[in-house]
Amino acid sequence: MTDTERRLAEAEERLALLEGRLARLEDEAAVTALILSYGPLVDSGQAEAVAALWTPDGVYDVDELLMTGRAEIEAMVRSGKHQRWIREGCAHVVGAPRVRVTGDEAVAVCYTLMIVRAPEAGEFTLRRATANHWRLRRGPHGWRVTVRSNRVLDGRPESPELLASGVGAAPERDA
Amino acid sequence: MTDTERRLAEAEERLALLEGRLARLEDEAAVTALILSYGPLVDSGQAEAVAALWTPDGVYDVDELLMTGRAEIEAMVRSGKHQRWIREGCAHVVGAPRVRVTGDEAVAVCYTLMIVRAPEAGEFTLRRATANHWRLRRGPHGWRVTVRSNRVLDGRPESPELLASGVGAAPERDA
Amino acid sequence: MTDTERRLAEAEERLALLEGRLARLEDEAAVTALILSYGPLVDSGQAEAVAALWTPDGVYDVDELLMTGRAEIEAMVRSGKHQRWIREGCAHVVGAPRVRVTGDEAVAVCYTLMIVRAPEAGEFTLRRATANHWRLRRGPHGWRVTVRSNRVLDGRPESPELLASGVGAAPERDA
């Protein structure tokens, strides 16, 4: 092998490493963007687009409501209850997610705040603070949610458990 | 063409692809960082630095106030009203933005929460939850805001419309 | 030097530039992920994992409490006061941070919201809105916090000062 061939082979190895590292960052950014689009879509009542964040058989498991498949998620957005929130003033604020990608699967954890207008007070009220655990999968059309589990942080043990399982293994102690 | 030349040409193509993909991630990160610097700058009263987030003729369109150009944005930060909020305790929390970059233009959508101290209650009050739509442009000194439009989420139709236009086209249905 | 050698040398230069730029984005993402893992860890009571976000001699400087070293941070999480918050319903929401990496050091600024359930009101209350300034260092096991300083945004001058020092120098005026 000539010196030129050796350098070329080394450059090809560096390229492959860069491609893998960059793809990982792109995946994390795509998962983050998908999660952050939930609030704007649901608060503007775009029922089909909300549902399309999930896989066709995706699950959205909220405290008081288990939705399976896109039709049930769309129905939640079109429901009189949700439409009334939009009309009266409402923000589903999805916090910055902590994302872990492993191949074609991802897990994310974040908080959501449901904020509603309190007309009598002239201000806004924090109706719910909720632990969110997201499972996502890469498919032919990009990343989609397979299971999103929400539990309100009102002292029920499942909520801290969701946070713990979403944030993943503790970092190695280096002391 | 020799085998070495063929491999070198292929490596050059992979480099060009990587450079383009990396630049896109860097642009998204730069736009995100600019947006996230608004809160710390405005809550510490840095009027010039707040205004410098915009282009010289940039627009900041808030419900009750239309600011055009940096001088008007600076004046808002220096106003007695804003300075009183800083003195009495205030947080302009800008949520994680959903950013789309297209060449030298970008659009972002996010929520902002305006939080003020309520001394009598010994706690904090959510004064406003607001839909934010940002247009940005890359110039000779990097990314700057050209138009930022805020509408409070109190049921007025413009607010969900801002969210919808900021989050962009719905993802393709893949069912 | 042949044409092939010249092109190879140029490709090697582009590789080195890409590696540096990608490493910077990875660092920013790693610091962001570390900061965003604080809330889920502390709200699920994982005392050791919370402490392991800091260097062994790391400092967590909160208004009413100065913690030095991991044992003191662990003790805060295990304290009766913190455990009661978890049992009664609580969210330590860490906002999306603005991060600046310089070699093996990083500075970040963000807001945190401490939200507690108000059982009598059937809702949640914003107990604190706080300015956060983080210093981090890269060590043999990755990024760790060296000093995190929190000051509640209740009008005390240190809080805007923390935000100002965390967001860094104002962007260059380009007018």
# chains A, B, ... in the order shown; residues from 1 in each chain; ligands from 1
call {"tool": "residues_around", "arguments": {"residues": "B:Glu158", "least_positions_apart": "4", "cutoff": "12 Å", "atoms": "only C-alpha atoms", "output": "ChimeraX atom specification"}}
result
/A:43-44,86-87,89 /B:62-63,130-133,149-154,162-165
call {"tool": "residues_around", "arguments": {"residues": "A:Ala129", "least_positions_apart": "5", "cutoff": "10 Å", "atoms": "only C-alpha atoms", "output": "list in words"}}
result
Val93, Tyr111, Thr112, Leu113, Met114, Ile115, Asn150, Arg151, Val152, Leu153 and Asp154 of chain A; Gly89, Cys90, Ala91, His92, Val93, Ile115, Val116, Arg117, Glu123, Phe124 and Thr125 of chain C
call {"tool": "residues_around", "arguments": {"residues": "stretch 106-108 of chain B", "least_positions_apart": "4", "cutoff": "6 Å", "atoms": "only C-alpha atoms", "output": "VMD selection string"}}
result
chain B and resid 98 to 102 133 to 136 166
call {"tool": "residues_around", "arguments": {"residues": "stretch 71-75 of chain A", "least_positions_apart": "3", "cutoff": "6 Å", "atoms": "only C-alpha atoms", "output": "compact mmCIF listing (two decimals) with N, CA and C atoms, in the first residue's frame"}}
result
# COMPACT_ATOMS: atom_id res chain seq x y z
N ALA A 47 -56.09 18.60 14.45
CA ALA A 47 -56.31 17.23 14.95
C ALA A 47 -55.52 16.19 14.15
N GLU A 48 -55.57 16.28 12.84
CA GLU A 48 -54.88 15.27 12.02
C GLU A 48 -53.37 15.35 12.20
N ALA A 51 -52.32 13.86 15.51
CA ALA A 51 -52.36 12.39 15.45
C ALA A 51 -51.20 11.83 14.63
N MET A 67 -55.69 6.66 24.87
CA MET A 67 -56.01 6.74 23.44
C MET A 67 -55.12 5.76 22.69
N ARG A 78 -60.58 17.04 18.63
CA ARG A 78 -61.85 17.59 18.11
C ARG A 78 -62.94 17.67 19.19
N SER A 79 -62.67 17.11 20.35
CA SER A 79 -63.71 17.04 21.39
C SER A 79 -64.15 18.44 21.83
call {"tool": "atom_distance", "arguments": {"atom1": "atom CA of A:Thr68", "atom2": "atom CA of A:Ala52"}}
result
12.8 Å
call {"tool": "residues_around", "arguments": {"residues": "A:Gly45", "least_positions_apart": "4", "cutoff": "9 Å", "atoms": "only C-alpha atoms", "output": "compact mmCIF listing (two decimals) with N, CA, C and O atoms, in the first residue's frame"}}
result
# COMPACT_ATOMS: atom_id res chain seq x y z
N PRO A 40 -47.80 23.54 19.83
CA PRO A 40 -48.37 24.41 18.81
C PRO A 40 -49.48 23.73 17.99
O PRO A 40 -50.45 24.37 17.63
N LEU A 41 -49.32 22.43 17.69
CA LEU A 41 -50.35 21.75 16.90
C LEU A 41 -51.63 21.56 17.71
O LEU A 41 -52.74 21.80 17.21
N ALA A 49 -52.86 16.58 12.26
CA ALA A 49 -51.41 16.75 12.39
C ALA A 49 -50.93 16.29 13.77
O ALA A 49 -49.84 15.74 13.90
N VAL A 50 -51.74 16.52 14.80
CA VAL A 50 -51.38 16.00 16.12
C VAL A 50 -51.29 14.48 16.05
O VAL A 50 -50.29 13.88 16.46
N VAL A 77 -58.63 15.82 20.18
CA VAL A 77 -58.41 17.20 19.76
C VAL A 77 -59.72 17.84 19.30
O VAL A 77 -59.98 19.02 19.56
N ARG A 78 -60.58 17.04 18.63
CA ARG A 78 -61.85 17.59 18.11
C ARG A 78 -62.94 17.67 19.19
O ARG A 78 -64.00 18.24 18.94
N HIS A 82 -61.72 19.97 24.47
CA HIS A 82 -60.48 20.57 23.98
C HIS A 82 -60.77 21.85 23.20
O HIS A 82 -60.05 22.85 23.34
N GLN A 83 -61.81 21.82 22.36
CA GLN A 83 -62.14 23.01 21.57
C GLN A 83 -62.50 24.20 22.47
O GLN A 83 -62.20 25.34 22.15
N ILE A 86 -59.34 25.85 23.71
CA ILE A 86 -58.76 26.73 22.70
C ILE A 86 -59.53 28.06 22.67
O ILE A 86 -58.93 29.14 22.65
N PRO B 160 -53.79 31.03 18.30
CA PRO B 160 -53.64 29.70 17.67
C PRO B 160 -53.16 29.80 16.22
O PRO B 160 -52.39 28.94 15.77
N ALA B 164 -50.04 27.84 14.58
CA ALA B 164 -50.20 26.98 13.40
C ALA B 164 -49.23 27.39 12.29
O ALA B 164 -48.57 26.54 11.68
call {"tool": "closest_residue", "arguments": {"among": "B:Gly95, B:Gly20, B:Gly39, B:Gly80", "to": "chain A", "atoms": "only C-alpha atoms"}}
result
B:Gly95
call {"tool": "closest_residue", "arguments": {"among": "B:Glu12, B:Glu5, B:Glu88, B:Glu161", "to": "chain A", "atoms": "only C-alpha atoms"}}
result
B:Glu161
call {"tool": "select_by_dssp", "arguments": {"residues": "stretch 55-131 of chain B", "states": "alpha helix (DSSP H)", "output": "VMD selection string"}}
result
chain B and resid 70 to 78 80 to 88
call {"tool": "decode", "arguments": {"residues": "stretch 82-116 of chain B", "atoms": "N, CA and C atoms", "output": "PDB file, in the first residue's frame"}}
result
ATOM      1  N   HIS B  82     -41.093  48.417  32.382  1.00  0.00           N
ATOM      2  CA  HIS B  82     -40.231  47.235  32.366  1.00  0.00           C
ATOM      3  C   HIS B  82     -39.239  47.261  33.534  1.00  0.00           C
ATOM      4  N   GLN B  83     -38.681  48.437  33.792  1.00  0.00           N
ATOM      5  CA  GLN B  83     -37.709  48.537  34.889  1.00  0.00           C
ATOM      6  C   GLN B  83     -38.368  48.198  36.232  1.00  0.00           C
ATOM      7  N   ARG B  84     -39.643  48.556  36.387  1.00  0.00           N
ATOM      8  CA  ARG B  84     -40.348  48.233  37.627  1.00  0.00           C
ATOM      9  C   ARG B  84     -40.522  46.720  37.756  1.00  0.00           C
ATOM     10  N   TRP B  85     -40.810  46.043  36.646  1.00  0.00           N
ATOM     11  CA  TRP B  85     -40.928  44.586  36.713  1.00  0.00           C
ATOM     12  C   TRP B  85     -39.616  43.965  37.206  1.00  0.00           C
ATOM     13  N   ILE B  86     -38.500  44.464  36.666  1.00  0.00           N
ATOM     14  CA  ILE B  86     -37.206  43.924  37.104  1.00  0.00           C
ATOM     15  C   ILE B  86     -37.030  44.158  38.609  1.00  0.00           C
ATOM     16  N   ARG B  87     -37.335  45.364  39.054  1.00  0.00           N
ATOM     17  CA  ARG B  87     -37.149  45.693  40.475  1.00  0.00           C
ATOM     18  C   ARG B  87     -38.052  44.871  41.393  1.00  0.00           C
ATOM     19  N   GLU B  88     -39.255  44.573  40.902  1.00  0.00           N
ATOM     20  CA  GLU B  88     -40.220  43.883  41.773  1.00  0.00           C
ATOM     21  C   GLU B  88     -40.156  42.366  41.646  1.00  0.00           C
ATOM     22  N   GLY B  89     -39.423  41.852  40.625  1.00  0.00           N
ATOM     23  CA  GLY B  89     -39.312  40.415  40.453  1.00  0.00           C
ATOM     24  C   GLY B  89     -40.125  39.945  39.277  1.00  0.00           C
ATOM     25  N   CYS B  90     -39.433  39.409  38.259  1.00  0.00           N
ATOM     26  CA  CYS B  90     -40.098  39.108  36.994  1.00  0.00           C
ATOM     27  C   CYS B  90     -39.261  38.101  36.204  1.00  0.00           C
ATOM     28  N   ALA B  91     -39.923  37.203  35.503  1.00  0.00           N
ATOM     29  CA  ALA B  91     -39.229  36.259  34.617  1.00  0.00           C
ATOM     30  C   ALA B  91     -39.967  36.177  33.294  1.00  0.00           C
ATOM     31  N   HIS B  92     -39.255  36.485  32.207  1.00  0.00           N
ATOM     32  CA  HIS B  92     -39.780  36.271  30.856  1.00  0.00           C
ATOM     33  C   HIS B  92     -39.207  34.938  30.375  1.00  0.00           C
ATOM     34  N   VAL B  93     -39.931  33.855  30.643  1.00  0.00           N
ATOM     35  CA  VAL B  93     -39.416  32.524  30.329  1.00  0.00           C
ATOM     36  C   VAL B  93     -39.777  32.177  28.885  1.00  0.00           C
ATOM     37  N   VAL B  94     -38.743  32.015  28.055  1.00  0.00           N
ATOM     38  CA  VAL B  94     -38.934  31.651  26.650  1.00  0.00           C
ATOM     39  C   VAL B  94     -38.769  30.140  26.545  1.00  0.00           C
ATOM     40  N   GLY B  95     -39.806  29.470  26.085  1.00  0.00           N
ATOM     41  CA  GLY B  95     -39.745  28.014  25.995  1.00  0.00           C
ATOM     42  C   GLY B  95     -38.881  27.553  24.847  1.00  0.00           C
ATOM     43  N   ALA B  96     -38.487  26.283  24.881  1.00  0.00           N
ATOM     44  CA  ALA B  96     -37.674  25.697  23.817  1.00  0.00           C
ATOM     45  C   ALA B  96     -38.377  25.898  22.479  1.00  0.00           C
ATOM     46  N   PRO B  97     -37.699  26.511  21.504  1.00  0.00           N
ATOM     47  CA  PRO B  97     -38.363  26.787  20.228  1.00  0.00           C
ATOM     48  C   PRO B  97     -38.288  25.604  19.267  1.00  0.00           C
ATOM     49  N   ARG B  98     -39.311  25.516  18.428  1.00  0.00           N
ATOM     50  CA  ARG B  98     -39.318  24.608  17.259  1.00  0.00           C
ATOM     51  C   ARG B  98     -38.849  25.444  16.082  1.00  0.00           C
ATOM     52  N   VAL B  99     -37.673  25.086  15.525  1.00  0.00           N
ATOM     53  CA  VAL B  99     -37.003  25.926  14.530  1.00  0.00           C
ATOM     54  C   VAL B  99     -36.974  25.228  13.170  1.00  0.00           C
ATOM     55  N   ARG B 100     -37.242  25.984  12.105  1.00  0.00           N
ATOM     56  CA  ARG B 100     -37.063  25.489  10.732  1.00  0.00           C
ATOM     57  C   ARG B 100     -36.182  26.467   9.981  1.00  0.00           C
ATOM     58  N   VAL B 101     -35.046  25.973   9.469  1.00  0.00           N
ATOM     59  CA  VAL B 101     -34.120  26.810   8.704  1.00  0.00           C
ATOM     60  C   VAL B 101     -34.261  26.471   7.224  1.00  0.00           C
ATOM     61  N   THR B 102     -34.355  27.502   6.389  1.00  0.00           N
ATOM     62  CA  THR B 102     -34.386  27.308   4.936  1.00  0.00           C
ATOM     63  C   THR B 102     -33.406  28.300   4.347  1.00  0.00           C
ATOM     64  N   GLY B 103     -32.187  27.836   4.074  1.00  0.00           N
ATOM     65  CA  GLY B 103     -31.149  28.722   3.535  1.00  0.00           C
ATOM     66  C   GLY B 103     -30.803  29.797   4.538  1.00  0.00           C
ATOM     67  N   ASP B 104     -31.002  31.040   4.154  1.00  0.00           N
ATOM     68  CA  ASP B 104     -30.650  32.164   5.031  1.00  0.00           C
ATOM     69  C   ASP B 104     -31.853  32.700   5.791  1.00  0.00           C
ATOM     70  N   GLU B 105     -32.955  31.952   5.793  1.00  0.00           N
ATOM     71  CA  GLU B 105     -34.163  32.369   6.510  1.00  0.00           C
ATOM     72  C   GLU B 105     -34.510  31.289   7.529  1.00  0.00           C
ATOM     73  N   ALA B 106     -35.183  31.671   8.594  1.00  0.00           N
ATOM     74  CA  ALA B 106     -35.646  30.684   9.569  1.00  0.00           C
ATOM     75  C   ALA B 106     -36.969  31.147  10.160  1.00  0.00           C
ATOM     76  N   VAL B 107     -37.771  30.172  10.551  1.00  0.00           N
ATOM     77  CA  VAL B 107     -39.020  30.435  11.260  1.00  0.00           C
ATOM     78  C   VAL B 107     -38.982  29.598  12.532  1.00  0.00           C
ATOM     79  N   ALA B 108     -39.406  30.182  13.645  1.00  0.00           N
ATOM     80  CA  ALA B 108     -39.456  29.429  14.894  1.00  0.00           C
ATOM     81  C   ALA B 108     -40.766  29.728  15.591  1.00  0.00           C
ATOM     82  N   VAL B 109     -41.203  28.759  16.384  1.00  0.00           N
ATOM     83  CA  VAL B 109     -42.415  28.948  17.170  1.00  0.00           C
ATOM     84  C   VAL B 109     -42.113  28.491  18.594  1.00  0.00           C
ATOM     85  N   CYS B 110     -42.633  29.222  19.564  1.00  0.00           N
ATOM     86  CA  CYS B 110     -42.481  28.788  20.951  1.00  0.00           C
ATOM     87  C   CYS B 110     -43.518  29.496  21.813  1.00  0.00           C
ATOM     88  N   TYR B 111     -43.545  29.129  23.070  1.00  0.00           N
ATOM     89  CA  TYR B 111     -44.385  29.783  24.064  1.00  0.00           C
ATOM     90  C   TYR B 111     -43.500  30.655  24.939  1.00  0.00           C
ATOM     91  N   THR B 112     -44.040  31.766  25.411  1.00  0.00           N
ATOM     92  CA  THR B 112     -43.380  32.498  26.485  1.00  0.00           C
ATOM     93  C   THR B 112     -44.342  32.627  27.653  1.00  0.00           C
ATOM     94  N   LEU B 113     -43.754  32.579  28.832  1.00  0.00           N
ATOM     95  CA  LEU B 113     -44.514  32.779  30.063  1.00  0.00           C
ATOM     96  C   LEU B 113     -43.972  34.022  30.742  1.00  0.00           C
ATOM     97  N   MET B 114     -44.864  34.941  31.060  1.00  0.00           N
ATOM     98  CA  MET B 114     -44.429  36.093  31.840  1.00  0.00           C
ATOM     99  C   MET B 114     -44.884  35.866  33.272  1.00  0.00           C
ATOM    100  N   ILE B 115     -43.884  35.804  34.153  1.00  0.00           N
ATOM    101  CA  ILE B 115     -44.118  35.445  35.544  1.00  0.00           C
ATOM    102  C   ILE B 115     -43.710  36.619  36.409  1.00  0.00           C
ATOM    103  N   VAL B 116     -44.579  37.042  37.310  1.00  0.00           N
ATOM    104  CA  VAL B 116     -44.248  38.160  38.197  1.00  0.00           C
ATOM    105  C   VAL B 116     -44.457  37.736  39.644  1.00  0.00           C
TER     106      VAL B 116
END
